[in-house]
>>> print(open('my_file_31.txt').read())   # compact mmCIF, C-alpha atoms and all ligand atoms
# COMPACT_ATOMS: atom_id res chain seq x y z
CA MET R 1 0.00 0.00 0.00
CA LEU R 2 2.80 2.34 0.99
CA THR R 3 4.74 1.80 -2.26
CA LEU R 4 1.64 2.45 -4.37
CA LEU R 5 1.15 5.68 -2.50
CA TYR R 6 4.57 6.77 -3.68
CA MET R 7 3.46 6.69 -7.28
CA ASP R 8 0.19 8.50 -6.65
CA PRO R 9 -0.92 9.91 -10.04
CA ARG R 10 -2.23 12.94 -8.20
CA LYS R 11 1.33 13.78 -7.25
CA ASN R 12 2.99 13.16 -10.61
CA PRO R 13 5.14 16.31 -10.76
CA TYR R 14 6.13 16.39 -14.44
CA ALA R 15 4.64 19.04 -16.64
CA PRO R 16 4.86 18.62 -20.42
CA GLY R 17 3.16 21.45 -22.30
CA ALA R 18 3.85 24.65 -24.21
CA GLY R 19 5.03 27.23 -21.71
CA THR R 20 4.10 25.00 -18.75
CA VAL R 21 6.28 25.81 -15.76
CA PRO R 22 8.47 22.77 -15.02
CA PRO R 23 8.75 21.40 -11.47
CA GLU R 24 12.49 22.10 -11.69
CA LEU R 25 13.90 24.65 -14.12
CA ALA R 26 17.16 22.79 -14.56
CA GLY R 27 20.40 23.98 -16.11
CA ARG R 28 19.44 27.60 -16.73
CA ASP R 29 20.96 29.36 -13.69
CA ASP R 30 23.76 30.98 -15.67
CA ILE R 31 21.46 32.44 -18.26
CA ILE R 32 19.03 33.69 -15.61
CA GLU R 33 21.93 35.40 -13.86
CA LYS R 34 23.08 36.93 -17.14
CA ALA R 35 19.61 38.37 -17.69
CA SER R 36 19.49 39.69 -14.15
CA ILE R 37 22.84 41.46 -14.60
CA ALA R 38 21.66 43.04 -17.86
CA LEU R 39 18.45 44.28 -16.22
CA ASP R 40 20.23 45.75 -13.21
CA ARG R 41 22.82 47.45 -15.39
CA CYS R 42 20.06 48.91 -17.53
CA ARG R 43 18.19 50.23 -14.50
CA ASN R 44 21.42 51.79 -13.20
CA GLY R 45 21.98 53.68 -16.41
CA LEU R 46 24.86 51.47 -17.57
CA SER R 47 25.11 50.02 -21.04
CA ALA R 48 23.35 46.68 -21.37
CA ARG R 49 22.41 44.59 -24.36
CA GLY R 50 19.03 42.96 -24.50
CA LEU R 51 18.88 39.18 -24.77
CA CYS R 52 17.05 37.22 -27.43
CA PHE R 53 16.92 33.55 -26.56
CA VAL R 54 17.21 31.44 -29.63
CA GLY R 55 16.37 27.78 -29.83
CA LEU R 56 14.29 24.99 -31.29
CA ARG R 57 10.74 24.09 -30.29
CA GLY R 58 10.32 22.78 -26.77
CA VAL R 59 13.74 23.71 -25.36
CA GLY R 60 12.28 26.00 -22.71
CA LYS R 61 12.47 29.52 -24.12
CA THR R 62 9.04 30.55 -22.92
CA VAL R 63 9.47 29.24 -19.38
CA LEU R 64 12.82 31.01 -19.20
CA LEU R 65 11.25 34.31 -20.24
CA THR R 66 8.47 33.75 -17.72
CA ARG R 67 10.94 33.13 -14.91
CA ILE R 68 12.98 36.21 -15.77
CA SER R 69 9.90 38.40 -16.03
CA GLN R 70 8.57 37.18 -12.68
CA GLU R 71 11.87 37.97 -11.01
CA ALA R 72 12.06 41.34 -12.74
CA GLU R 73 8.55 42.27 -11.69
CA ALA R 74 9.30 41.29 -8.10
CA ALA R 75 12.41 43.48 -8.27
CA GLY R 76 10.33 46.50 -9.28
CA PHE R 77 10.88 46.63 -13.02
CA VAL R 78 8.05 47.73 -15.28
CA ILE R 79 7.12 44.76 -17.45
CA VAL R 80 5.47 44.67 -20.85
CA SER R 81 4.97 41.07 -21.88
CA ILE R 82 3.64 39.81 -25.20
CA GLU R 83 3.69 36.75 -27.41
CA THR R 84 3.55 37.26 -31.15
CA PRO R 85 1.07 35.00 -32.90
CA GLU R 86 1.61 34.64 -36.63
CA LYS R 87 -1.15 36.93 -37.74
CA ARG R 88 -1.29 39.96 -35.43
CA SER R 89 0.45 43.28 -35.73
CA LEU R 90 3.07 44.36 -33.22
CA PRO R 91 1.25 47.60 -32.33
CA ALA R 92 -1.97 45.70 -31.62
CA LEU R 93 -0.14 43.40 -29.24
CA LEU R 94 1.87 46.14 -27.59
CA VAL R 95 -0.96 48.58 -26.93
CA PRO R 96 -2.91 46.72 -24.21
CA ALA R 97 0.27 45.44 -22.54
CA MET R 98 1.78 48.94 -22.57
CA ARG R 99 -1.38 50.43 -21.21
CA SER R 100 -1.44 48.27 -18.11
CA ALA R 101 2.30 48.71 -17.57
CA LEU R 102 2.00 52.48 -17.84
CA LEU R 103 -0.92 52.62 -15.45
CA LYS R 104 1.33 50.82 -12.99
CA LEU R 105 4.19 53.19 -13.70
CA ASP R 106 1.83 56.09 -13.19
CA ARG R 107 1.03 54.75 -9.75
CA ILE R 108 4.74 54.43 -8.90
CA ALA R 109 5.30 57.79 -10.49
CA ALA R 110 2.46 59.47 -8.62
CA ALA R 111 4.74 62.32 -7.57
CA GLY R 112 6.19 62.96 -11.04
CA HIS R 113 4.40 64.50 -14.00
CA LEU R 114 5.96 62.15 -16.55
CA GLY R 115 3.72 59.22 -15.64
CA LYS R 116 0.61 61.15 -16.73
CA ARG R 117 2.29 62.55 -19.81
CA VAL R 118 3.36 59.15 -21.00
CA LEU R 119 -0.22 57.87 -20.78
CA ARG R 120 -1.30 60.71 -23.04
CA VAL R 121 1.55 59.87 -25.43
CA LEU R 122 0.25 56.30 -25.56
CA GLY R 123 -3.22 57.71 -26.25
CA GLY R 124 -1.85 59.59 -29.27
CA PHE R 125 0.05 56.51 -30.43
CA ILE R 126 -3.10 54.38 -30.29
CA GLY R 127 -5.08 56.96 -32.24
CA ALA R 128 -2.44 57.18 -34.99
CA MET R 129 -1.87 53.43 -35.23
CA LYS R 130 -5.56 52.58 -35.39
CA LEU R 131 -5.72 54.10 -38.82
CA LYS R 132 -3.15 51.61 -40.11
CA TYR R 133 -3.54 48.49 -38.03
CA GLU R 134 -7.12 47.34 -37.99
CA ASP R 135 -6.51 44.76 -35.30
CA ILE R 136 -5.91 47.40 -32.60
CA GLU R 137 -8.66 47.34 -30.04
CA PHE R 138 -9.85 50.70 -28.94
CA GLY R 139 -9.00 51.23 -25.33
CA VAL R 140 -10.27 53.81 -22.90
CA ASP R 141 -9.51 57.38 -23.81
CA LEU R 142 -6.10 58.24 -22.45
CA GLY R 143 -6.00 61.77 -23.85
CA LYS R 144 -3.36 62.82 -26.35
CA GLU R 145 -0.04 64.63 -26.34
CA THR R 146 -0.12 66.37 -29.69
CA GLY R 147 2.96 65.99 -31.85
CA VAL R 148 4.51 63.05 -29.99
CA ALA R 149 4.21 59.48 -31.26
CA ASP R 150 1.14 60.39 -33.34
CA SER R 151 2.49 60.79 -36.89
CA GLY R 152 1.18 57.43 -38.08
CA ASP R 153 4.66 56.20 -39.02
CA LEU R 154 5.43 53.19 -36.85
CA GLU R 155 9.23 53.62 -36.83
CA HIS R 156 8.92 57.19 -35.72
CA ASP R 157 6.04 56.77 -33.30
CA LEU R 158 7.30 53.66 -31.53
CA SER R 159 10.65 55.39 -30.96
CA ASP R 160 8.88 58.45 -29.54
CA LEU R 161 6.73 56.28 -27.31
CA LEU R 162 9.58 54.20 -25.91
CA VAL R 163 11.72 57.29 -25.35
CA GLU R 164 8.89 58.89 -23.37
CA ILE R 165 8.39 55.74 -21.33
CA GLY R 166 12.14 55.53 -20.80
CA LYS R 167 12.20 59.06 -19.39
CA ALA R 168 9.36 58.32 -17.00
CA ALA R 169 11.00 55.05 -15.92
CA LYS R 170 14.29 56.83 -15.34
CA GLU R 171 12.58 59.47 -13.24
CA LYS R 172 11.31 56.72 -10.97
CA GLN R 173 14.62 54.82 -10.96
CA THR R 174 13.11 51.81 -12.63
CA ALA R 175 13.41 50.34 -16.12
CA LEU R 176 10.99 49.17 -18.76
CA VAL R 177 11.53 45.57 -19.85
CA LEU R 178 9.85 44.39 -23.03
CA PHE R 179 9.35 40.63 -23.02
CA ILE R 180 8.50 39.37 -26.49
CA ASP R 181 8.07 35.67 -27.22
CA GLU R 182 7.98 34.16 -30.73
CA ILE R 183 9.81 37.17 -32.17
CA GLN R 184 10.30 35.41 -35.51
CA TYR R 185 6.63 36.03 -36.33
CA ILE R 186 6.94 39.83 -36.18
CA LYS R 187 6.70 41.31 -39.68
CA GLU R 188 10.00 42.71 -40.91
CA ASN R 189 8.99 46.38 -41.05
CA GLN R 190 7.47 46.17 -37.57
CA PHE R 191 10.56 44.42 -36.23
CA ALA R 192 12.68 47.16 -37.81
CA ALA R 193 10.61 49.77 -35.99
CA LEU R 194 11.08 47.97 -32.70
CA ILE R 195 14.85 47.67 -33.17
CA MET R 196 15.09 51.33 -34.09
CA ALA R 197 13.11 52.32 -31.00
CA MET R 198 15.42 50.26 -28.78
CA HIS R 199 18.37 51.88 -30.49
CA LYS R 200 17.02 55.36 -29.77
CA CYS R 201 16.58 54.51 -26.11
CA ALA R 202 20.16 53.18 -25.96
CA GLN R 203 21.45 56.39 -27.58
CA TYR R 204 19.70 58.50 -24.96
CA GLN R 205 20.83 56.09 -22.20
CA LEU R 206 17.25 55.45 -21.20
CA PRO R 207 16.37 52.38 -19.13
CA VAL R 208 14.47 50.34 -21.72
CA ILE R 209 15.56 46.82 -22.60
CA LEU R 210 14.30 43.86 -24.62
CA MET R 211 14.19 40.25 -23.44
CA GLY R 212 12.98 38.12 -26.31
CA ALA R 213 12.79 34.58 -27.53
CA GLY R 214 12.24 32.84 -30.80
CA LEU R 215 13.32 30.32 -33.38
CA PRO R 216 16.82 30.45 -34.90
CA GLN R 217 15.60 32.40 -37.95
CA LEU R 218 15.12 35.46 -35.75
CA VAL R 219 18.85 36.28 -35.79
CA GLY R 220 18.93 36.71 -39.57
CA GLN R 221 15.61 38.55 -39.53
CA ALA R 222 16.92 41.08 -37.01
CA GLY R 223 20.06 41.66 -39.06
CA ARG R 224 18.04 42.16 -42.23
CA ALA R 225 15.59 44.52 -40.50
CA LYS R 226 18.36 46.75 -39.10
CA SER R 227 22.03 46.08 -39.59
CA TYR R 228 22.89 47.48 -36.16
CA ALA R 229 20.64 44.96 -34.37
CA GLU R 230 23.62 42.81 -33.45
CA ARG R 231 25.07 45.63 -31.36
CA LEU R 232 21.83 45.97 -29.42
CA PHE R 233 21.09 42.34 -28.63
CA GLU R 234 22.85 39.16 -27.71
CA TYR R 235 21.42 35.86 -28.88
CA PRO R 236 22.07 33.19 -26.26
CA GLN R 237 21.47 29.73 -27.70
CA ILE R 238 19.00 27.71 -25.67
CA GLY R 239 19.45 24.03 -26.42
CA PRO R 240 18.91 20.62 -24.90
CA LEU R 241 20.09 20.31 -21.29
CA ASN R 242 23.45 18.83 -20.44
CA SER R 243 23.20 15.42 -18.83
CA THR R 244 23.66 16.72 -15.27
CA ALA R 245 20.83 19.20 -15.72
CA ALA R 246 18.64 16.61 -17.46
CA ARG R 247 19.09 14.26 -14.51
CA ALA R 248 18.23 17.09 -12.13
CA ALA R 249 15.11 17.92 -14.16
CA LEU R 250 13.88 14.38 -13.51
CA GLU R 251 15.36 13.57 -10.10
CA THR R 252 14.81 16.75 -8.13
CA PRO R 253 10.99 16.84 -8.39
CA ALA R 254 10.80 13.10 -7.66
CA ALA R 255 13.12 13.35 -4.66
CA LYS R 256 10.78 15.88 -3.08
CA LEU R 257 8.19 13.10 -3.08
CA ASP R 258 10.65 10.43 -1.89
CA VAL R 259 10.83 8.79 -5.29
CA VAL R 260 14.11 7.85 -6.99
CA PHE R 261 15.11 6.45 -10.38
CA ASP R 262 17.35 3.44 -11.05
CA LYS R 263 20.50 4.49 -12.86
CA GLU R 264 19.62 2.55 -16.04
CA ALA R 265 16.15 4.06 -15.98
CA LEU R 266 17.56 7.58 -16.01
CA ASP R 267 20.12 6.69 -18.67
CA GLU R 268 17.37 5.33 -20.85
CA ILE R 269 15.25 8.50 -20.51
CA LEU R 270 18.26 10.67 -21.36
CA ALA R 271 18.96 8.55 -24.45
CA GLN R 272 15.33 8.59 -25.63
CA THR R 273 14.82 12.31 -25.09
CA GLN R 274 18.27 13.51 -26.12
CA CYS R 275 17.88 15.77 -23.08
CA TYR R 276 15.29 18.01 -24.76
CA PRO R 277 13.24 19.63 -21.97
CA TYR R 278 9.80 19.01 -23.44
CA PHE R 279 10.59 15.33 -23.94
CA LEU R 280 12.09 15.00 -20.47
CA GLN R 281 8.78 16.16 -19.01
CA GLU R 282 6.83 13.76 -21.21
CA TRP R 283 9.03 10.77 -20.32
CA GLY R 284 9.07 11.76 -16.66
CA LYS R 285 5.29 11.88 -16.58
CA HIS R 286 4.83 8.51 -18.27
CA SER R 287 7.62 6.79 -16.34
CA TRP R 288 5.89 7.85 -13.15
CA GLN R 289 2.60 6.48 -14.46
CA CYS R 290 4.13 3.18 -15.52
CA ALA R 291 6.15 2.58 -12.36
CA LEU R 292 4.53 0.65 -9.60
CA GLU R 293 7.02 1.66 -6.99
CA SER R 294 10.19 3.56 -6.29
CA PRO R 295 12.90 3.25 -7.53
CA ILE R 296 11.50 3.74 -11.03
CA SER R 297 12.97 0.93 -13.11
CA VAL R 298 14.17 0.71 -16.69
CA ASN R 299 11.18 -1.58 -17.34
CA ALA R 300 8.83 1.19 -16.34
CA VAL R 301 10.71 3.58 -18.65
CA ASN R 302 10.50 1.14 -21.54
CA ASN R 303 6.75 0.96 -21.09
CA ALA R 304 6.65 4.73 -20.81
CA THR R 305 8.49 5.18 -24.10
CA SER R 306 5.67 3.98 -26.32
CA LEU R 307 3.10 5.99 -24.34
CA ALA R 308 5.24 9.12 -24.48
CA ILE R 309 5.73 8.79 -28.22
CA THR R 310 2.00 8.25 -28.76
CA GLU R 311 1.23 11.34 -26.74
CA LEU R 312 3.83 13.48 -28.49
CA ASP R 313 2.55 12.30 -31.86
CA ALA R 314 -0.96 13.34 -30.88
CA SER R 315 0.01 16.76 -29.54
CA PHE R 316 3.48 18.30 -29.78
CA PHE R 317 4.20 17.01 -33.30
CA ARG R 318 0.62 16.84 -34.56
CA VAL R 319 -0.31 20.50 -33.98
CA ARG R 320 2.59 21.49 -36.19
CA PHE R 321 1.96 18.87 -38.86
CA ASP R 322 -1.70 19.88 -39.19
CA ARG R 323 -0.76 23.40 -40.26
CA LEU R 324 1.07 22.20 -43.35
CA THR R 325 -0.06 21.99 -46.96
CA PRO R 326 0.41 18.67 -48.78
CA GLY R 327 3.43 20.11 -50.65
CA GLU R 328 5.04 21.25 -47.40
CA LYS R 329 4.49 17.84 -45.83
CA LYS R 330 6.21 16.21 -48.79
CA TYR R 331 9.16 18.56 -48.53
CA LEU R 332 9.60 17.78 -44.84
CA ARG R 333 9.16 14.07 -45.44
CA ALA R 334 12.01 14.21 -47.95
CA MET R 335 14.15 15.94 -45.33
CA ALA R 336 13.28 13.22 -42.84
CA GLU R 337 14.42 10.61 -45.33
CA LEU R 338 17.85 12.21 -45.24
CA GLY R 339 17.99 12.00 -41.43
CA THR R 340 18.11 14.51 -38.61
CA GLY R 341 19.89 17.24 -40.57
CA PRO R 342 21.00 19.81 -41.45
CA HIS R 343 20.57 18.96 -45.13
CA ARG R 344 21.66 20.65 -48.33
CA SER R 345 18.68 22.20 -50.14
CA GLY R 346 19.95 20.56 -53.33
CA ASP R 347 19.79 17.08 -51.78
CA ILE R 348 16.21 17.64 -50.63
CA ALA R 349 15.20 18.82 -54.09
CA THR R 350 16.91 15.82 -55.71
CA LEU R 351 14.96 13.46 -53.50
CA LEU R 352 11.76 15.25 -54.54
CA LYS R 353 12.87 14.90 -58.19
CA LYS R 354 12.59 18.68 -58.62
CA ASP R 355 15.13 21.43 -59.02
CA VAL R 356 16.02 23.77 -56.19
CA GLN R 357 14.24 26.80 -57.68
CA THR R 358 10.95 24.92 -58.07
CA VAL R 359 10.83 23.96 -54.39
CA ALA R 360 12.23 27.29 -53.12
CA PRO R 361 8.75 28.76 -52.44
CA THR R 362 7.81 25.68 -50.37
CA ARG R 363 11.02 26.01 -48.41
CA ALA R 364 10.36 29.73 -47.85
CA ALA R 365 6.80 29.02 -46.67
CA LEU R 366 8.10 26.43 -44.22
CA ILE R 367 10.61 28.91 -42.83
CA GLY R 368 7.78 31.46 -42.51
CA LYS R 369 5.69 28.95 -40.57
CA GLY R 370 8.62 28.30 -38.27
CA MET R 371 8.98 24.63 -39.27
CA ILE R 372 12.51 24.81 -40.63
CA TYR R 373 15.42 27.24 -40.62
CA SER R 374 18.69 27.71 -42.39
CA PRO R 375 21.63 27.18 -40.03
CA SER R 376 24.01 28.27 -42.76
CA HIS R 377 23.67 29.21 -46.40
CA GLY R 378 22.08 26.45 -48.46
CA ASP R 379 21.41 24.26 -45.42
CA THR R 380 18.03 23.38 -43.98
CA SER R 381 17.18 22.02 -40.53
CA PHE R 382 14.03 21.18 -38.59
CA THR R 383 13.02 23.61 -35.83
CA VAL R 384 11.22 20.77 -34.06
CA PRO R 385 13.58 18.26 -32.44
CA LEU R 386 13.01 14.61 -33.45
CA PHE R 387 10.51 15.70 -36.12
CA ASP R 388 12.19 13.42 -38.67
CA GLY R 389 11.18 10.35 -36.67
CA TYR R 390 7.60 11.61 -36.36
CA LEU R 391 7.30 12.24 -40.10
CA LYS R 392 8.43 8.70 -40.84
CA ARG R 393 5.84 7.33 -38.43
CA VAL R 394 2.99 9.40 -39.82
CA MET R 395 4.03 9.19 -43.49
CA PRO R 396 5.74 5.79 -43.80
CA GLU R 397 6.20 6.13 -47.55
CA LEU R 398 8.27 8.78 -49.27
CA ALA R 399 5.60 9.56 -51.86
N1 LIG R 401 15.12 23.96 -17.88
C1 LIG R 401 14.11 23.09 -17.89
N2 LIG R 401 14.10 22.01 -17.07
C2 LIG R 401 13.06 21.16 -17.10
N3 LIG R 401 12.00 21.27 -17.89
C3 LIG R 401 11.94 22.31 -18.72
C4 LIG R 401 12.99 23.27 -18.76
N4 LIG R 401 12.69 24.19 -19.68
C5 LIG R 401 11.50 23.84 -20.19
N5 LIG R 401 11.04 22.72 -19.63
C6 LIG R 401 9.78 22.04 -19.99
O1 LIG R 401 9.79 21.89 -21.41
C7 LIG R 401 8.52 22.17 -22.00
C8 LIG R 401 8.66 23.21 -23.08
O2 LIG R 401 9.00 24.48 -22.55
P1 LIG R 401 8.67 25.83 -23.34
O3 LIG R 401 7.25 25.83 -23.78
O4 LIG R 401 9.16 26.96 -22.53
O5 LIG R 401 9.61 25.65 -24.62
P2 LIG R 401 9.78 26.66 -25.85
O6 LIG R 401 11.23 26.67 -26.18
O7 LIG R 401 9.13 27.95 -25.54
O8 LIG R 401 9.01 25.89 -26.99
P3 LIG R 401 8.25 26.53 -28.29
O9 LIG R 401 9.32 26.95 -29.25
O10 LIG R 401 7.45 25.37 -28.83
O11 LIG R 401 7.41 27.67 -27.83
C9 LIG R 401 7.60 22.52 -20.84
O12 LIG R 401 6.87 21.38 -20.50
C10 LIG R 401 8.55 22.89 -19.70
O13 LIG R 401 7.98 22.56 -18.45
MG MG R 402 7.61 28.99 -26.42
>>> encode(input="my_file_31.txt", output="structure tokens", more="lines below")
Ligand SMILES: Nc1ncnc2c1ncn2[C@@H]1O[C@H](COP(=O)(O)OP(=O)(O)OP(=O)(O)O)[C@@H](O)[C@H]1O
Ligand SMILES: [Mg+2]
Amino acid sequence: MLTLLYMDPRKNPYAPGAGTVPPELAGRDDIIEKASIALDRCRNGLSARGLCFVGLRGVGKTVLLTRISQEAEAAGFVIVSIETPEKRSLPALLVPAMRSALLKLDRIAAAGHLGKRVLRVLGGFIGAMKLKYEDIEFGVDLGKETGVADSGDLEHDLSDLLVEIGKAAKEKQTALVLFIDEIQYIKENQFAALIMAMHKCAQYQLPVILMGAGLPQLVGQAGRAKSYAERLFEYPQIGPLNSTAARAALETPAAKLDVVFDKEALDEILAQTQCYPYFLQEWGKHSWQCALESPISVNAVNNATSLAITELDASFFRVRFDRLTPGEKKYLRAMAELGTGPHRSGDIATLLKKDVQTVAPTRAALIGKGMIYSPSHGDTSFTVPLFDGYLKRVMPELA
């Protein structure tokens, strides 16, 4: 009875899911500290580059941003937090998040006049942007500061707005931190406007900083949008965990519940998951379910493997697969045939019995959808780890 209690499904600590906070955020202490240093330097008026976390699907970019933003908020920073879906404009996403952040700043800034002014500047910005971006929801009337951030030109107005917010934040000895997830989906001209606005703030030494995350293509996109982007941001690579951290991700939450893993069981999970965080959570969850008692054995993990794969196929992989056209599926299936990657675009085309130019639009569409990226010129890789195996399961034949 006691052993069964150990493996109580109600206590299963593992948490697979997009953006789901893990029971143990393993292996990311250094990067969290790096972010914290950048934020403190920014608030103290010292030069600091924003961080854009770059990595494949499911490596833990979102939970990292969440952790950093929670700590920043607790430390008194003003937070504007958004995630970019594929189809919405940057101004439409920024406006409501800015509004609530500025209302907060206004409360901190009760003694200063800049808090009120900046709300009026936002009012003008909203009015001007509404004419161009139909997806902006009309908020409450904030008033208007004529001639600031209201020209209708996004590059100009976003710079004005962030500069005004920066001044108000400086007055109150705080800093504005923009958290933007899925940056790769921001349209190029809107991304350019954002980079330019951050650049303006840096020039005026105002405490405004970006903490972002996205797929590997975001680095090239930033460079294309504004050549000076690389001086403003660093792009820390977020990858699979090292084996010590991967073990900690599994063992630490279990240990809190007096459950341990056999050594071979852990080794097997690390091998199956290649230490990718999303997969570690999935295997942890199923190993717990399959184990009858602690220590969790390699037998339990072997049973868990087929369940974990079935679940990933039905969720993590499937949601991405379902968004593809038949031509895109074929292109990816050809990539899978060649293995994990990266692959030469020419080799993929050859396998499809087409020339490179003919399949170039398909490749471009897949990059746009965030399914693949180009790690170096002429190369193509999956953005979803282990996607090649999934494609072979779901499309056994290379049609
Ligand atoms: N450092 C970590 N240790 C343990 N588990 C983690 C860690 N980072 C993330 N996870 C787990 O991995 C899963 C994926 O995390 P998250 O959604 O943040 O990834 P992502 O990189 O944002 O993926 P996507 O590109 O699909 O948005 C979640 O279940 C989360 O709990
Ligand atoms: Mg994410």
>>> closest_residue(input="my_file_31.txt", among="R:Phe77, R:Phe316, R:Tyr235, R:Phe261", to="ligand LIG 401 (chain R)", atoms="only C-alpha atoms and all ligand atoms")
R:Phe316
>>> residues_around(input="my_file_31.txt", residues="Ala193 of chain R", least_positions_apart="3", cutoff="9 Å", atoms="only C-alpha atoms", output="list in words")
Leu154, Glu155, His156, Asp157, Leu158, Ser159, Glu188, Asn189, Gln190, Met196, Ala197, Met198, Ala225 and Lys226 of chain R
>>> atom_distance(input="my_file_31.txt", atom1="atom CA of Met211 of chain R", atom2="atom CA of Phe179 of chain R")
4.9 Å
>>> closest_atom_pairs(input="my_file_31.txt", of="chain R", to="ligand LIG 401 (chain R)", cutoff="6 Å", atoms="all atoms listed in the file", output="JSON lines")
{"residue": "R:Ala15", "atom": "CA", "partner": "R:LIG401", "partner_atom": "O12", "distance": 5.0}
{"residue": "R:Pro16", "atom": "CA", "partner": "R:LIG401", "partner_atom": "O12", "distance": 3.4}
{"residue": "R:Gly17", "atom": "CA", "partner": "R:LIG401", "partner_atom": "O12", "distance": 4.1}
{"residue": "R:Ala18", "atom": "CA", "partner": "R:LIG401", "partner_atom": "O3", "distance": 3.6}
{"residue": "R:Gly19", "atom": "CA", "partner": "R:LIG401", "partner_atom": "O3", "distance": 3.3}
{"residue": "R:Thr20", "atom": "CA", "partner": "R:LIG401", "partner_atom": "O13", "distance": 4.6}
{"residue": "R:Val21", "atom": "CA", "partner": "R:LIG401", "partner_atom": "O13", "distance": 4.5}
{"residue": "R:Pro22", "atom": "CA", "partner": "R:LIG401", "partner_atom": "O13", "distance": 3.5}
{"residue": "R:Glu24", "atom": "CA", "partner": "R:LIG401", "partner_atom": "C2", "distance": 5.5}
{"residue": "R:Leu25", "atom": "CA", "partner": "R:LIG401", "partner_atom": "N2", "distance": 4.0}
{"residue": "R:Ala26", "atom": "CA", "partner": "R:LIG401", "partner_atom": "N2", "distance": 4.0}
{"residue": "R:Gly27", "atom": "CA", "partner": "R:LIG401", "partner_atom": "N1", "distance": 5.6}
{"residue": "R:Arg28", "atom": "CA", "partner": "R:LIG401", "partner_atom": "N1", "distance": 5.8}
{"residue": "R:Leu56", "atom": "CA", "partner": "R:LIG401", "partner_atom": "O9", "distance": 5.7}
{"residue": "R:Arg57", "atom": "CA", "partner": "R:LIG401", "partner_atom": "O9", "distance": 3.4}
{"residue": "R:Gly58", "atom": "CA", "partner": "R:LIG401", "partner_atom": "O8", "distance": 3.4}
{"residue": "R:Val59", "atom": "CA", "partner": "R:LIG401", "partner_atom": "O6", "distance": 4.0}
{"residue": "R:Gly60", "atom": "CA", "partner": "R:LIG401", "partner_atom": "O4", "distance": 3.3}
{"residue": "R:Lys61", "atom": "CA", "partner": "R:LIG401", "partner_atom": "O6", "distance": 3.7}
{"residue": "R:Thr62", "atom": "CA", "partner": "R:LIG401", "partner_atom": "O4", "distance": 3.6}
{"residue": "R:Val63", "atom": "CA", "partner": "R:LIG401", "partner_atom": "O4", "distance": 3.9}
{"residue": "R:Ala249", "atom": "CA", "partner": "R:LIG401", "partner_atom": "C2", "distance": 4.8}
{"residue": "R:Pro277", "atom": "CA", "partner": "R:LIG401", "partner_atom": "O1", "distance": 4.2}
{"residue": "R:Tyr278", "atom": "CA", "partner": "R:LIG401", "partner_atom": "O1", "distance": 3.5}
{"residue": "R:Gln281", "atom": "CA", "partner": "R:LIG401", "partner_atom": "O12", "distance": 5.8}
>>> residues_around(input="my_file_31.txt", residues="Trp288 of chain R", least_positions_apart="2", cutoff="9 Å", atoms="only C-alpha atoms", output="JSON, numbers by chain")
{"R": [7, 8, 9, 12, 13, 14, 283, 284, 285, 286, 290, 291, 292, 293, 296, 300, 301, 304]}
>>> closest_residue(input="my_file_31.txt", among="R:Val384, R:Leu218, R:Ile372, R:Ala245", to="Ile183 of chain R", atoms="only C-alpha atoms")
R:Leu218
>>> closest_residue(input="my_file_31.txt", among="R:Asp355, R:Lys11, R:Asn302, R:Lys330", to="Glu397 of chain R", atoms="all atoms listed in the file")
R:Lys330
